$ cat upload07.cif   # mmCIF, C-alpha atoms and all ligand atoms
data_my_file
loop_
_atom_site.label_atom_id
_atom_site.label_comp_id
_atom_site.auth_asym_id
_atom_site.auth_seq_id
_atom_site.Cartn_x
_atom_site.Cartn_y
_atom_site.Cartn_z
CA MET A 1 161.08 -24.11 52.38
CA LYS A 2 163.98 -21.72 51.83
CA TYR A 3 163.60 -18.08 52.86
CA ASN A 4 165.52 -15.05 51.73
CA ALA A 5 165.71 -11.65 53.39
CA LEU A 6 163.21 -9.17 51.96
CA LYS A 7 164.25 -6.96 49.08
CA GLY A 8 166.25 -3.96 50.26
CA VAL A 9 166.83 -5.52 53.68
CA GLU A 10 170.28 -6.80 54.52
CA ASP A 11 171.93 -9.04 57.11
CA ILE A 12 175.07 -7.62 58.67
CA LEU A 13 177.59 -10.36 59.23
CA PRO A 14 181.22 -10.85 60.25
CA PRO A 15 183.64 -9.55 59.12
CA ASP A 16 181.69 -6.36 58.21
CA ILE A 17 180.11 -6.24 61.65
CA PHE A 18 183.56 -5.50 63.12
CA ILE A 19 183.74 -2.30 61.06
CA TRP A 20 180.25 -1.38 62.32
CA GLN A 21 181.24 -2.01 65.93
CA ARG A 22 184.42 0.00 65.59
CA ALA A 23 182.53 2.89 63.96
CA GLU A 24 179.86 2.86 66.67
CA ALA A 25 182.48 2.78 69.44
CA ILE A 26 184.36 5.75 67.94
CA ALA A 27 181.10 7.65 67.49
CA LYS A 28 180.07 7.03 71.11
CA SER A 29 183.43 8.27 72.31
CA VAL A 30 183.18 11.44 70.17
CA PHE A 31 179.56 12.06 71.26
CA SER A 32 180.48 11.73 74.93
CA ARG A 33 183.25 14.33 74.56
CA TYR A 34 180.59 16.81 73.46
CA GLY A 35 178.15 15.88 76.23
CA PHE A 36 175.65 13.79 74.25
CA SER A 37 173.71 11.04 76.06
CA GLU A 38 172.22 8.04 74.35
CA ILE A 39 168.46 7.71 73.96
CA ARG A 40 166.69 4.58 72.72
CA LEU A 41 163.60 5.41 70.76
CA PRO A 42 160.83 3.09 69.58
CA ILE A 43 160.81 1.74 66.04
CA ILE A 44 157.06 2.21 65.66
CA GLU A 45 155.20 5.47 66.17
CA SER A 46 151.81 6.79 65.23
CA THR A 47 151.74 7.68 61.53
CA ASP A 48 150.62 11.22 62.20
CA LEU A 49 153.90 12.00 63.97
CA PHE A 50 155.85 11.59 60.73
CA VAL A 51 153.24 13.13 58.45
CA ARG A 52 153.15 16.33 60.51
CA SER A 53 156.89 16.70 60.96
CA ILE A 54 158.49 15.40 57.75
CA GLY A 55 155.71 16.91 55.64
CA GLU A 56 153.07 15.62 53.26
CA SER A 57 154.83 17.00 50.20
CA THR A 58 158.00 14.96 50.83
CA ASP A 59 158.87 11.69 49.08
CA ILE A 60 159.23 10.03 52.49
CA VAL A 61 155.65 10.70 53.57
CA GLY A 62 154.18 10.61 50.06
CA LYS A 63 155.67 7.33 48.85
CA GLU A 64 158.06 5.66 51.23
CA MET A 65 156.50 4.96 54.61
CA TYR A 66 155.80 1.49 55.93
CA THR A 67 152.36 2.23 57.33
CA PHE A 68 149.84 -0.33 58.58
CA PRO A 69 146.85 -0.53 60.89
CA ASP A 70 147.50 -2.34 64.18
CA LYS A 71 144.97 -4.80 65.57
CA ALA A 72 142.99 -1.96 67.12
CA GLY A 73 142.89 -0.11 63.80
CA ARG A 74 145.40 2.63 64.76
CA SER A 75 147.68 3.78 61.96
CA ILE A 76 151.25 2.80 62.82
CA THR A 77 154.43 3.59 60.87
CA LEU A 78 157.88 2.02 61.00
CA ARG A 79 160.06 5.06 61.60
CA PRO A 80 161.63 6.45 58.43
CA GLU A 81 163.99 8.64 60.51
CA GLY A 82 164.75 9.50 64.14
CA THR A 83 164.21 13.24 64.57
CA ALA A 84 160.41 13.14 64.85
CA SER A 85 160.63 10.47 67.57
CA ALA A 86 163.32 12.42 69.41
CA VAL A 87 161.09 15.51 69.44
CA ARG A 88 158.09 13.49 70.58
CA CYS A 89 160.22 12.01 73.37
CA TYR A 90 161.56 15.44 74.39
CA VAL A 91 158.06 16.89 74.70
CA GLU A 92 156.46 13.79 76.25
CA HIS A 93 159.02 13.60 79.06
CA GLY A 94 159.19 17.34 79.71
CA LEU A 95 162.92 17.34 78.98
CA ASN A 96 162.66 21.10 78.45
CA ASN A 97 162.65 21.36 82.25
CA LEU A 98 166.25 20.16 82.33
CA PRO A 99 169.10 22.63 81.77
CA SER A 100 169.41 23.65 78.11
CA PRO A 101 170.73 22.61 75.76
CA GLN A 102 169.94 18.90 76.01
CA LYS A 103 172.09 16.74 73.71
CA PHE A 104 171.15 13.23 72.60
CA PHE A 105 172.34 10.58 70.20
CA TYR A 106 170.69 7.40 68.93
CA THR A 107 171.41 4.52 66.59
CA GLY A 108 169.06 2.07 64.99
CA PRO A 109 167.21 0.89 61.91
CA MET A 110 165.01 3.17 59.82
CA PHE A 111 162.57 2.10 57.11
CA ARG A 112 161.79 3.68 53.76
CA TYR A 113 160.04 1.93 50.91
CA GLU A 114 162.44 3.14 48.25
CA ARG A 115 163.64 1.34 45.13
CA PRO A 116 166.65 -0.60 46.42
CA GLN A 117 169.98 0.08 44.74
CA LYS A 118 173.61 0.51 45.73
CA GLY A 119 173.62 2.63 48.90
CA ARG A 120 169.84 2.58 49.22
CA GLN A 121 168.00 0.04 51.33
CA ARG A 122 164.49 -0.28 52.64
CA GLN A 123 165.86 -1.00 56.10
CA PHE A 124 168.97 1.03 56.83
CA TYR A 125 170.70 2.19 59.99
CA GLN A 126 171.23 5.72 61.13
CA MET A 127 173.35 7.17 63.87
CA GLY A 128 171.81 10.51 64.78
CA ALA A 129 172.46 13.39 67.15
CA GLU A 130 170.00 16.08 68.27
CA VAL A 131 170.43 19.19 70.42
CA PHE A 132 167.41 20.88 71.99
CA GLY A 133 167.18 24.33 73.49
CA SER A 134 169.72 26.59 71.84
CA ALA A 135 169.18 28.99 68.95
CA HIS A 136 172.76 30.22 69.11
CA PRO A 137 174.93 29.68 66.01
CA SER A 138 177.67 28.34 68.29
CA ILE A 139 175.68 25.11 68.57
CA ASP A 140 175.29 24.89 64.77
CA ALA A 141 179.05 25.28 64.47
CA GLU A 142 179.69 22.76 67.25
CA ILE A 143 177.49 20.08 65.75
CA ILE A 144 179.05 20.51 62.29
CA VAL A 145 182.57 20.45 63.72
CA MET A 146 181.68 17.38 65.80
CA LEU A 147 180.40 15.54 62.72
CA ASN A 148 183.51 16.55 60.84
CA ASN A 149 185.76 15.32 63.68
CA LEU A 150 183.82 12.10 63.93
CA LEU A 151 184.16 11.33 60.22
CA SER A 152 187.85 12.13 60.23
CA GLU A 153 188.46 10.05 63.39
CA LEU A 154 186.75 7.19 61.61
CA GLY A 155 189.29 7.64 58.83
CA LEU A 156 186.96 9.06 56.16
CA LYS A 157 188.74 11.20 53.64
CA GLU A 158 187.52 13.16 50.65
CA VAL A 159 184.08 14.00 51.98
CA LYS A 160 182.43 17.28 51.12
CA PHE A 161 180.45 19.36 53.64
CA GLU A 162 177.67 21.16 51.79
CA LEU A 163 176.05 23.98 53.69
CA ASN A 164 173.08 26.28 53.24
CA SER A 165 170.61 28.39 55.16
CA ILE A 166 167.01 27.87 54.12
CA GLY A 167 165.64 30.77 56.13
CA CYS A 168 162.74 30.89 58.55
CA GLU A 169 159.00 31.58 58.66
CA GLN A 170 159.77 35.29 58.20
CA CYS A 171 161.80 35.15 55.02
CA ARG A 172 160.65 31.93 53.36
CA PRO A 173 157.26 33.13 52.04
CA ALA A 174 158.93 35.84 49.90
CA TYR A 175 161.51 33.35 48.70
CA LYS A 176 158.80 30.81 47.88
CA SER A 177 156.91 33.31 45.79
CA SER A 178 159.98 34.32 43.78
CA LEU A 179 160.73 30.61 43.23
CA THR A 180 157.15 30.04 42.09
CA ASP A 181 157.49 32.89 39.59
CA PHE A 182 160.68 31.31 38.25
CA PHE A 183 159.24 27.77 37.91
CA ARG A 184 155.90 28.88 36.47
CA SER A 185 157.32 29.95 33.08
CA LYS A 186 158.52 26.42 32.18
CA LEU A 187 156.30 24.35 34.46
CA ASP A 188 155.05 22.10 31.64
CA GLN A 189 158.63 20.83 31.08
CA TYR A 190 159.19 19.64 34.67
CA CYS A 191 158.63 16.00 35.75
CA PRO A 192 155.14 15.05 37.05
CA ASP A 193 156.44 14.98 40.65
CA CYS A 194 157.76 18.53 40.32
CA LYS A 195 154.44 19.69 38.86
CA ASN A 196 152.88 18.44 42.09
CA ARG A 197 155.63 19.97 44.18
CA PHE A 198 154.91 23.30 42.51
CA ILE A 199 151.54 23.22 44.23
CA THR A 200 152.45 21.56 47.54
CA ASN A 201 155.93 22.96 48.22
CA PRO A 202 157.93 24.55 45.37
CA LEU A 203 161.13 24.41 47.44
CA ARG A 204 161.06 20.63 46.93
CA ILE A 205 161.72 21.15 43.20
CA LEU A 206 165.27 22.19 44.15
CA ASP A 207 165.72 18.68 45.59
CA CYS A 208 164.51 16.79 42.49
CA LYS A 209 167.08 14.35 41.08
CA VAL A 210 165.62 14.15 37.54
CA GLU A 211 168.21 15.36 34.96
CA GLU A 212 165.74 17.58 33.04
CA CYS A 213 164.56 19.28 36.24
CA ILE A 214 168.15 19.90 37.34
CA GLU A 215 168.82 21.56 33.98
CA LEU A 216 165.57 23.58 34.03
CA ARG A 217 166.11 24.96 37.52
CA LYS A 218 169.52 26.45 36.68
CA GLY A 219 169.40 30.15 37.46
CA ALA A 220 166.57 29.75 40.01
CA PRO A 221 166.55 32.43 42.71
CA SER A 222 168.87 31.57 45.57
CA VAL A 223 167.54 31.29 49.11
CA THR A 224 170.61 32.96 50.54
CA ASP A 225 169.72 36.14 48.63
CA HIS A 226 166.34 36.19 50.39
CA LEU A 227 167.34 35.67 54.02
CA CYS A 228 165.93 38.07 56.60
CA ASP A 229 168.42 39.99 58.75
CA ALA A 230 168.17 37.56 61.67
CA CYS A 231 168.78 34.51 59.43
CA ARG A 232 171.63 36.28 57.60
CA THR A 233 173.33 37.22 60.90
CA HIS A 234 172.89 33.66 62.19
CA PHE A 235 174.37 32.16 59.03
CA ASP A 236 177.28 34.64 58.88
CA GLU A 237 178.16 33.90 62.51
CA LEU A 238 178.10 30.16 61.77
CA LEU A 239 180.43 30.57 58.79
CA LEU A 240 182.74 32.76 60.85
CA ARG A 241 182.97 30.11 63.55
CA LEU A 242 183.55 27.29 61.05
CA ASN A 243 186.36 29.33 59.52
CA LEU A 244 187.82 29.93 62.98
CA MET A 245 187.83 26.18 63.63
CA ASN A 246 189.32 25.41 60.20
CA THR A 247 186.30 23.40 59.15
CA LYS A 248 185.97 23.25 55.38
CA TYR A 249 182.57 23.57 53.74
CA THR A 250 181.04 24.32 50.35
CA LEU A 251 178.08 26.65 50.13
CA ASN A 252 175.24 25.06 48.16
CA PRO A 253 172.25 27.40 47.77
CA ASN A 254 170.22 24.55 46.22
CA LEU A 255 170.48 22.35 49.30
CA VAL A 256 166.96 22.15 50.75
CA ARG A 257 167.01 18.62 52.25
CA GLY A 258 164.29 16.02 51.77
CA LEU A 259 162.30 16.79 54.93
CA ASP A 260 160.07 19.80 55.55
CA TYR A 261 160.89 20.58 59.18
CA TYR A 262 164.13 22.44 58.56
CA THR A 263 164.69 26.11 59.28
CA ARG A 264 167.91 28.08 58.78
CA THR A 265 171.01 25.86 58.78
CA ALA A 266 170.91 22.80 56.50
CA PHE A 267 173.88 20.59 55.64
CA GLU A 268 174.81 17.39 53.92
CA VAL A 269 178.04 15.40 53.80
CA THR A 270 178.65 13.78 50.44
CA SER A 271 181.27 11.52 48.92
CA GLU A 272 181.93 10.97 45.24
CA HIS A 273 182.96 7.38 46.10
CA LEU A 274 179.35 6.47 46.91
CA GLY A 275 177.89 6.63 43.40
CA ALA A 276 174.40 8.01 42.88
CA GLN A 277 173.41 7.89 46.58
CA LYS A 278 176.22 10.15 47.66
CA ALA A 279 174.96 11.64 50.95
CA VAL A 280 176.58 9.91 53.91
CA ALA A 281 175.04 12.29 56.46
CA GLY A 282 172.58 15.14 56.58
CA GLY A 283 171.03 17.47 59.08
CA GLY A 284 170.04 20.95 60.05
CA ARG A 285 168.00 23.17 62.34
CA TYR A 286 164.35 22.55 63.09
CA ASP A 287 163.38 25.42 65.36
CA ARG A 288 159.60 25.03 65.04
CA LEU A 289 159.10 21.32 65.58
CA VAL A 290 159.04 21.10 69.39
CA LYS A 291 156.35 23.80 69.50
CA GLU A 292 154.39 22.06 66.75
CA PHE A 293 154.44 18.89 68.86
CA GLY A 294 152.90 20.74 71.79
CA GLY A 295 156.10 21.67 73.62
CA PRO A 296 157.39 25.13 74.49
CA GLU A 297 159.25 27.21 71.90
CA THR A 298 162.50 25.21 71.64
CA PRO A 299 165.04 25.65 68.87
CA ALA A 300 166.81 22.45 67.87
CA ILE A 301 169.41 21.08 65.50
CA GLY A 302 170.74 17.66 64.58
CA PHE A 303 172.04 15.28 61.96
CA ALA A 304 172.01 11.61 61.04
CA ILE A 305 174.70 9.48 59.44
CA GLY A 306 173.64 6.69 57.08
CA MET A 307 175.52 3.73 58.50
CA GLU A 308 175.55 1.49 55.41
CA ARG A 309 177.02 4.30 53.33
CA LEU A 310 179.55 5.11 56.03
CA ILE A 311 180.58 1.45 56.29
CA ALA A 312 180.87 1.14 52.49
CA LEU A 313 183.32 4.05 52.51
CA LEU A 314 185.28 2.65 55.45
CA LYS A 315 185.43 -0.77 53.81
CA ASP A 316 186.92 0.76 50.69
CA SER A 317 189.62 2.48 52.71
CA GLU A 318 190.49 -0.02 55.44
CA GLY A 319 189.04 -3.47 54.67
CA ALA A 320 187.36 -5.62 57.30
CA ALA A 321 189.80 -7.09 59.80
CA ALA A 322 188.11 -9.90 61.71
CA PRO A 323 189.33 -10.40 65.26
CA ALA A 324 191.01 -13.77 65.86
CA PRO A 325 191.34 -16.09 68.85
CA LYS A 326 194.47 -15.84 70.93
CA VAL A 327 194.66 -19.58 71.50
CA PHE A 328 193.39 -22.62 69.64
CA ILE A 329 193.61 -25.86 71.62
CA ALA A 330 194.17 -28.95 69.53
CA ALA A 331 193.36 -32.13 71.45
CA LEU A 332 194.01 -35.72 70.44
CA GLY A 333 191.92 -38.34 72.25
CA ASP A 334 188.93 -38.15 74.59
CA GLU A 335 190.80 -37.44 77.80
CA ALA A 336 192.92 -34.72 76.16
CA ASP A 337 189.75 -33.26 74.70
CA ARG A 338 188.21 -32.98 78.19
CA GLN A 339 191.39 -31.37 79.47
CA ALA A 340 191.29 -28.94 76.52
CA SER A 341 187.83 -27.75 77.65
CA VAL A 342 189.16 -27.15 81.17
CA ILE A 343 192.12 -25.14 79.86
CA ALA A 344 189.89 -23.14 77.53
CA GLU A 345 187.60 -22.19 80.43
CA ASP A 346 190.59 -21.16 82.50
CA LEU A 347 191.83 -18.94 79.68
CA ARG A 348 188.41 -17.38 79.10
CA LYS A 349 188.14 -16.53 82.81
CA LYS A 350 191.38 -14.63 82.37
CA GLY A 351 189.83 -12.67 79.52
CA ILE A 352 191.55 -14.62 76.74
CA TRP A 353 189.68 -15.79 73.65
CA ALA A 354 190.26 -19.55 73.37
CA GLU A 355 188.80 -21.86 70.72
CA LEU A 356 188.46 -25.62 70.62
CA ASN A 357 187.95 -28.05 67.76
CA TYR A 358 184.64 -29.44 69.15
CA SER A 359 185.11 -32.79 67.41
CA SER A 360 187.89 -35.35 67.05
CA ALA A 361 190.14 -34.74 64.06
CA SER A 362 193.74 -35.32 63.05
CA LEU A 363 196.38 -32.93 64.35
CA LYS A 364 196.96 -31.75 60.80
CA SER A 365 193.34 -30.81 60.32
CA GLN A 366 193.20 -29.06 63.72
CA MET A 367 196.35 -27.08 62.89
CA ARG A 368 194.76 -26.06 59.59
CA LYS A 369 191.67 -24.85 61.42
CA ALA A 370 193.77 -22.83 63.90
CA ASP A 371 195.47 -21.23 60.96
CA ARG A 372 192.19 -20.43 59.18
CA LEU A 373 190.83 -18.82 62.34
CA GLY A 374 193.98 -16.70 62.55
CA ALA A 375 194.81 -17.93 66.08
CA GLU A 376 198.04 -16.59 67.52
CA TYR A 377 198.88 -19.70 69.56
CA VAL A 378 198.08 -23.37 69.24
CA PHE A 379 198.18 -25.51 72.35
CA ILE A 380 198.53 -29.24 71.68
CA ILE A 381 197.56 -31.98 74.10
CA GLY A 382 197.63 -35.70 73.29
CA GLU A 383 198.05 -38.86 75.33
CA ASN A 384 201.81 -38.30 75.79
CA GLU A 385 201.35 -34.74 76.98
CA LEU A 386 198.68 -35.86 79.44
CA LYS A 387 201.00 -38.58 80.76
CA ASP A 388 203.86 -36.08 81.18
CA GLY A 389 201.59 -33.34 82.54
CA ILE A 390 202.55 -30.84 79.86
CA VAL A 391 201.04 -28.86 77.03
CA GLN A 392 202.93 -28.18 73.79
CA TRP A 393 202.53 -24.71 72.40
CA LYS A 394 203.36 -23.01 69.16
CA ASN A 395 203.15 -19.37 68.19
CA LEU A 396 201.74 -19.44 64.66
CA LYS A 397 202.90 -15.90 63.95
CA THR A 398 206.56 -16.24 64.99
CA GLY A 399 207.03 -20.02 64.71
CA ASP A 400 208.35 -20.14 68.33
CA GLN A 401 207.39 -23.26 70.22
CA GLY A 402 207.87 -24.99 73.54
CA GLN A 403 205.97 -26.64 76.33
CA TYR A 404 204.67 -25.75 79.74
CA ASP A 405 203.65 -27.68 82.82
CA ILE A 406 199.92 -28.29 82.73
CA LYS A 407 199.68 -27.31 86.41
CA THR A 408 201.49 -24.01 86.00
CA THR A 409 200.12 -20.92 84.46
CA PHE A 410 200.91 -20.14 80.83
CA GLU A 411 200.18 -16.45 81.24
CA VAL A 412 203.85 -15.76 80.56
CA LEU A 413 203.18 -16.81 76.98
CA ILE A 414 200.22 -14.64 76.41
CA ASN A 415 200.66 -11.23 77.82
P1 LIG B 501 168.12 12.12 55.83
O1 LIG B 501 168.98 12.97 54.96
O2 LIG B 501 166.81 11.71 55.32
O3 LIG B 501 167.98 12.89 57.21
O4 LIG B 501 168.91 10.80 56.21
C1 LIG B 501 170.22 10.87 56.78
C2 LIG B 501 171.14 9.86 56.10
O5 LIG B 501 170.54 8.56 56.13
C3 LIG B 501 171.36 10.12 54.62
O6 LIG B 501 172.37 11.09 54.41
C4 LIG B 501 171.80 8.75 54.13
O7 LIG B 501 173.18 8.54 54.39
C5 LIG B 501 170.99 7.81 55.02
N1 LIG B 501 169.84 7.26 54.27
C6 LIG B 501 168.66 7.84 54.03
N2 LIG B 501 167.85 7.02 53.32
C7 LIG B 501 168.56 5.88 53.11
C8 LIG B 501 168.27 4.64 52.44
N3 LIG B 501 167.09 4.39 51.88
N4 LIG B 501 169.25 3.70 52.43
C9 LIG B 501 170.43 3.93 53.01
N5 LIG B 501 170.76 5.06 53.65
C10 LIG B 501 169.83 6.04 53.70
C11 LIG B 501 167.26 12.43 58.27
O8 LIG B 501 166.82 11.32 58.37
C12 LIG B 501 167.16 13.45 59.39
N6 LIG B 501 166.38 12.84 60.48
C13 LIG B 501 168.52 13.89 59.87
C14 LIG B 501 168.43 14.89 60.96
C15 LIG B 501 168.60 14.68 62.27
N7 LIG B 501 168.11 16.16 60.81
C16 LIG B 501 168.09 16.75 62.00
N8 LIG B 501 168.37 15.85 62.91
#

$ encode --input "upload07.cif" --output "structure tokens" --more "lines below"
Ligand code: HAM
Amino acid sequence: MKYNALKGVEDILPPDIFIWQRAEAIAKSVFSRYGFSEIRLPIIESTDLFVRSIGESTDIVGKEMYTFPDKAGRSITLRPEGTASAVRCYVEHGLNNLPSPQKFFYTGPMFRYERPQKGRQRQFYQMGAEVFGSAHPSIDAEIIVMLNNLLSELGLKEVKFELNSIGCEQCRPAYKSSLTDFFRSKLDQYCPDCKNRFITNPLRILDCKVEECIELRKGAPSVTDHLCDACRTHFDELLLRLNLMNTKYTLNPNLVRGLDYYTRTAFEVTSEHLGAQKAVAGGGRYDRLVKEFGGPETPAIGFAIGMERLIALLKDSEGAAAPAPKVFIAALGDEADRQASVIAEDLRKKGIWAELNYSSASLKSQMRKADRLGAEYVFIIGENELKDGIVQWKNLKTGDQGQYDIKTTFEVLIN
């Protein structure tokens, strides 16, 4: 029986995995400079957690969740994103009692039952960051600047930062009703999903990707014209700070994001090199969620990067360079082969990556293998070398060669 990975679910193999590891290492270093600590969150949560936070009117909750009953009949969902879990964790562990703001980051797989296509999987990885306990626009600016720095340190060019404020509980009702008035006149021409959204959450129509709906909603009232004074001041201060820190952004009044928990600041990073699924990261404020999950009033903000999309962009710009062994030991004959294992162990103890052939083969074939692996040095031991107590060496990059005494150290060669 031959098995394949499920549709929309991918293995991550060498050499791509080296780009992933490099990206994760850079991200961790950037996060630590800004005071973020790692949290590891569970992959399964109770379904209700996502329904209540992401919102019933969203595509994620409406169509895309992997939900199943466990053996005791509880409804469990494979997490479609990390923010809801981070909020649950914050409230459950009373992290509000620690000095504010608390800053966390996480990485891991997320699950959405979407139609797989380029840049869209059913299992995909996110690297997310969340800050709890500050309503100040300085934290909005900091998190956007941090994401910007992270992407540029990774070597991403030509990304666009789209930014919007979607208001708060105070100003959104008036905005919603003026949107409703606008959509009502041509409602029969919108897609069936948008007709539903009109009833459940008209703001979602601004997020619809159907061509006709995009055309129809041109000229819709803009949220930024409906912000209350507090939201306006918050947004203006954020823009001022981004300008001060030379962070480029594009204002997009139609940016509402695909999840319902957002308030005020919302942003998305897009790249034209990604094709139809062009968002590489997205985030925003969610000032009500901690309270809704039974915690104290705690403003919060965060973002998540889609790792597959990030890696696709990095692969285009840098290629995947696989690391290679420093030394390949070619052995000819049983005794030499044993000696090769001893030398390899000695090298590994010194922190050097050494490879062996693991089966008897001609010198020519072993040299070919060393070359294919990209080894820097080949050590050669045969019967003659054993008799003379030496090892022959060759640097495959420079062509230099020589020999050393088997009893002495060869560290001089490999510093
Ligand atoms: P999101 O926009 O749903 O936000 O997802 C963030 C990123 O995950 C997207 O920009 C995209 O790169 C990637 N992504 C989403 N769905 C897929 C998919 N099916 N296949 C591949 N990549 C995908 C959130 O999840 C929020 N939790 C972000 C956040 C954190 N907001 C505040 N804090």

$ residues_near_ligand --input "upload07.cif" --ligand "ligand LIG 501 (chain B)" --cutoff "6 Å" --atoms "only C-alpha atoms and all ligand atoms" --output "short mmCIF file (atom, residue, chain, number, x, y, z; two decimals) with C-alpha atoms, in the coordinates of the input"
data_model
loop_
_atom_site.label_atom_id
_atom_site.label_comp_id
_atom_site.auth_asym_id
_atom_site.auth_seq_id
_atom_site.Cartn_x
_atom_site.Cartn_y
_atom_site.Cartn_z
CA GLU A 81 163.99 8.64 60.51
CA GLY A 82 164.75 9.50 64.14
CA THR A 83 164.21 13.24 64.57
CA ARG A 112 161.79 3.68 53.76
CA GLY A 119 173.62 2.63 48.90
CA ARG A 120 169.84 2.58 49.22
CA GLN A 121 168.00 0.04 51.33
CA ARG A 122 164.49 -0.28 52.64
CA PHE A 124 168.97 1.03 56.83
CA GLN A 126 171.23 5.72 61.13
CA GLY A 128 171.81 10.51 64.78
CA GLU A 130 170.00 16.08 68.27
CA ALA A 279 174.96 11.64 50.95
CA VAL A 280 176.58 9.91 53.91
CA ALA A 281 175.04 12.29 56.46
CA GLY A 282 172.58 15.14 56.58
CA GLY A 283 171.03 17.47 59.08
CA GLY A 284 170.04 20.95 60.05
CA ILE A 301 169.41 21.08 65.50
CA GLY A 302 170.74 17.66 64.58
CA PHE A 303 172.04 15.28 61.96
CA ALA A 304 172.01 11.61 61.04
CA ILE A 305 174.70 9.48 59.44
CA GLY A 306 173.64 6.69 57.08
CA ARG A 309 177.02 4.30 53.33
#

$ closest_residue --input "upload07.cif" --among "A:Asn243, A:Gln117, A:Thr250, A:Gln339" --to "Phe267 of chain A" --atoms "all atoms listed in the file"
A:Thr250

$ residues_around --input "upload07.cif" --residues "Lys63 of chain A" --least-positions-apart "4" --cutoff "12 Å" --atoms "all atoms listed in the file" --output "VMD selection string"
chain A and resid 51 55 to 59 67 80 111 to 115 193

$ atom_distance --input "upload07.cif" --atom1 "atom CA of Ile54 of chain A" --atom2 "atom CA of Asp260 of chain A"
5.2 Å

$ closest_residue --input "upload07.cif" --among "A:Met127, A:Pro173, A:Met110, A:Ile12" --to "Lys28 of chain A" --atoms "only C-alpha atoms"
A:Met127

$ atom_distance --input "upload07.cif" --atom1 "atom CA of Phe161 of chain A" --atom2 "atom CA of Tyr249 of chain A"
4.7 Å

$ residues_around --input "upload07.cif" --residues "Leu156 of chain A" --least-positions-apart "5" --cutoff "8 Å" --atoms "all atoms listed in the file" --output "PyMOL selection string"
chain A and resi 151+313-314+317

$ residues_near_point --input "upload07.cif" --point "(187.4, -11.2, 62.1)" --cutoff "8 Å" --atoms "only C-alpha atoms" --output "ChimeraX atom specification"
/A:14-15,18,320-324

$ residues_around --input "upload07.cif" --residues "Ile39 of chain A" --least-positions-apart "2" --cutoff "9 Å" --atoms "only C-alpha atoms" --output "list of chain:residue names"
A:Ser37, A:Leu41, A:Ala86, A:Phe104, A:Phe105, A:Tyr106, A:Thr107

$ closest_residue --input "upload07.cif" --among "A:Val30, A:Leu274, A:Arg197, A:Gly167" --to "Ile311 of chain A" --atoms "all atoms listed in the file"
A:Leu274

$ residues_around --input "upload07.cif" --residues "segment 227-233 of chain A" --least-positions-apart "6" --cutoff "12 Å" --atoms "all atoms listed in the file" --output "list in words"
Ala135, His136, Pro137, Asn164, Ser165, Ile166, Gly167, Cys168, Glu169, Gln170, Cys171, Arg172, Pro173, Ala174, Tyr175, Lys176, Pro221, Leu239, Leu240, Pro253, Thr263, Arg264, Thr265 and Arg285 of chain A

$ atom_distance --input "upload07.cif" --atom1 "atom CA of Glu215 of chain A" --atom2 "atom CA of His273 of chain A"
23.4 Å

$ residues_around --input "upload07.cif" --residues "Gln392 of chain A" --least-positions-apart "5" --cutoff "12 Å" --atoms "only C-alpha atoms" --output "ChimeraX atom specification"
/A:328-331,340,377-386,400-406,410,413

$ closest_residue --input "upload07.cif" --among "A:Ala266, A:Ile44, A:Leu396, A:Val61" --to "Arg372 of chain A" --atoms "only C-alpha atoms"
A:Leu396

$ closest_residue --input "upload07.cif" --among "A:Lys407, A:Ser53, A:Leu373, A:Pro202" --to "Asp388 of chain A" --atoms "all atoms listed in the file"
A:Lys407

$ axis_aligned_box --input "upload07.cif" --around "segment 211-215 of chain A" --padding-each-side "8 Å" --output "JSON"
{"center_x": 166.7, "center_y": 18.5, "center_z": 35.2, "size_x": 20.3, "size_y": 22.2, "size_z": 20.3}
